[in-house]
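Enquirer: Here it is, the structure in full.
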Amino acid sequence: MKREGSIRKSPRFICDFMLGRLAKWMRLLGLDTMYYRNTNGKTIIHHSRKEGRRILTRSKILADKYNDVILIESEHIMDQLKQIANLVDIESPFSRCPVCNTETKDVKKETIKEDVPPYVFEIHNDFKRCPECGRVFWRGTHYKEIEKVINEIKS
Ligand SMILES: [Zn+2]
C-alpha cells in the first residue's frame, strides 16, 4: 500500500455517511474532502486507499480496526472542525465547491450575469465558478459567517 506523506502537507479526506455536514464545511475550508454515502465499511476502506484519502468517521469500530482511519470524537460540528484544524493547516478557504468538492476558478464578472440575482451582480465584483457543477460563488453574507467559524476553530 502506497503511503501518503505528512497529513499536513497533502490532506485528502473521505467522510463516511455520518459526516455529510462536516464534509461540506471542510470543502468550504478548502480541504479536498469526499463524502461517502455508502454505509459499508469495507468499500470505504477500498476507496480511500485507492485515492490516498484519510477516512474520517464517527465509528469507533472502524477507527479501531484500521490505523489510517481518524475517529471524529464529537457530534458537534464546531468541535469536529476544531479537531480538523488541529490536524491540518487551513490554507485556502473558499477555494473549493462545497457541493461537489471541485476547485473553483475565478471568472470575469460579465460571464456570470445570468447566474446570480441582479442585486448580487450590482454590489459584487469578484466571482468564482465551479467548473464541475457550474455554481457561482461570491463573498456575500454567508462568507462572513464562514470567516467567523474559521477564526474560531483556529484560535
Ligand atoms: Zn461544484
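Letters for chains follow the order of the C-alpha cells (A, B, ...), residue numbers begin at 1 for each chain, and ligand numbers begin at 1 in the order shown.
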Kindly work out which residues sit at most 6 Å from ligand 1, using only C-alpha atoms and all ligand atoms, and give the list as a list in words.
Expert: Cys97, Val99, Cys100, Thr102, Cys130, Glu132, Cys133 and Arg135 of chain A
Enquirer: Would you list, as a ChimeraX atom specification, the residues of stretch 1-154 of chain A that end up in strand (DSSP E or B) under DSSP run on this structure's backbone?
Expert: /A:12-15,32-35,54-57,69-71,96,103,105-107,127-129,136-138
Enquirer: As a PyMOL selection string, please: all residues of stretch 35-132 of chain A that backbone DSSP puts in alpha helix (DSSP H).
Expert: chain A and resi 41-51+60-65+77-87+118-123
Enquirer: Residues of the last selection are to be written out with C-alpha atoms, as a CSV table (one decimal), in the first residue's frame.
Expert:
```csv
chain,number,residue,atom,x,y,z
A,41,GLY,CA,-17.1,-0.1,6.0
A,42,LYS,CA,-15.1,-2.3,3.6
A,43,THR,CA,-15.9,-0.3,0.5
A,44,ILE,CA,-14.9,3.0,2.1
A,45,ILE,CA,-11.5,1.5,3.0
A,46,HIS,CA,-11.0,0.3,-0.5
A,47,HIS,CA,-12.0,3.7,-1.9
A,48,SER,CA,-9.8,5.7,0.5
A,49,ARG,CA,-6.7,3.6,-0.2
A,50,LYS,CA,-7.2,3.8,-4.0
A,51,GLU,CA,-7.3,7.6,-3.8
A,60,LYS,CA,-15.1,3.7,16.9
A,61,ILE,CA,-15.2,0.1,15.5
A,62,LEU,CA,-13.9,1.3,12.1
A,63,ALA,CA,-11.3,3.5,13.7
A,64,ASP,CA,-10.0,0.8,16.0
A,65,LYS,CA,-9.8,-1.7,13.1
A,77,ILE,CA,-19.9,20.5,14.1
A,78,MET,CA,-17.7,23.2,15.8
A,79,ASP,CA,-15.8,20.6,17.8
A,80,GLN,CA,-15.4,18.4,14.7
A,81,LEU,CA,-14.0,21.4,12.8
A,82,LYS,CA,-11.6,22.2,15.7
A,83,GLN,CA,-10.3,18.6,15.5
A,84,ILE,CA,-9.7,19.0,11.8
A,85,ALA,CA,-8.0,22.4,12.3
A,86,ASN,CA,-5.6,20.6,14.7
A,87,LEU,CA,-4.7,18.0,12.1
A,118,PRO,CA,-29.4,41.2,-10.1
A,119,TYR,CA,-28.5,42.8,-6.7
A,120,VAL,CA,-25.6,40.5,-6.2
A,121,PHE,CA,-24.4,41.4,-9.7
A,122,GLU,CA,-24.7,45.1,-8.7
A,123,ILE,CA,-22.7,45.1,-5.5
```
Enquirer: Suppose you want the space between atom CA of A:Gly30 and atom CA of A:Glu91; what is it in Å?
Expert: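 So the answer is 7.4 Å.
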Enquirer: Residues near A:Phe13, anyone? I mean within 6 Å using only C-alpha atoms, not counting same-chain ones fewer than 3 positions away, as a PyMOL selection string.
Expert: chain A and resi 33+53-55
Enquirer: Could you please determine the separation between atom CA of A:Glu145 and atom CA of A:Ile90 in Å, to one decimal place?
Expert: 16.1 Å
Enquirer: At what distance in Å, to one decimal, does atom CA of A:Val136 lie from atom CA of A:Glu152?
Expert: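 Distance reported for this atom pair: 26.2 Å.
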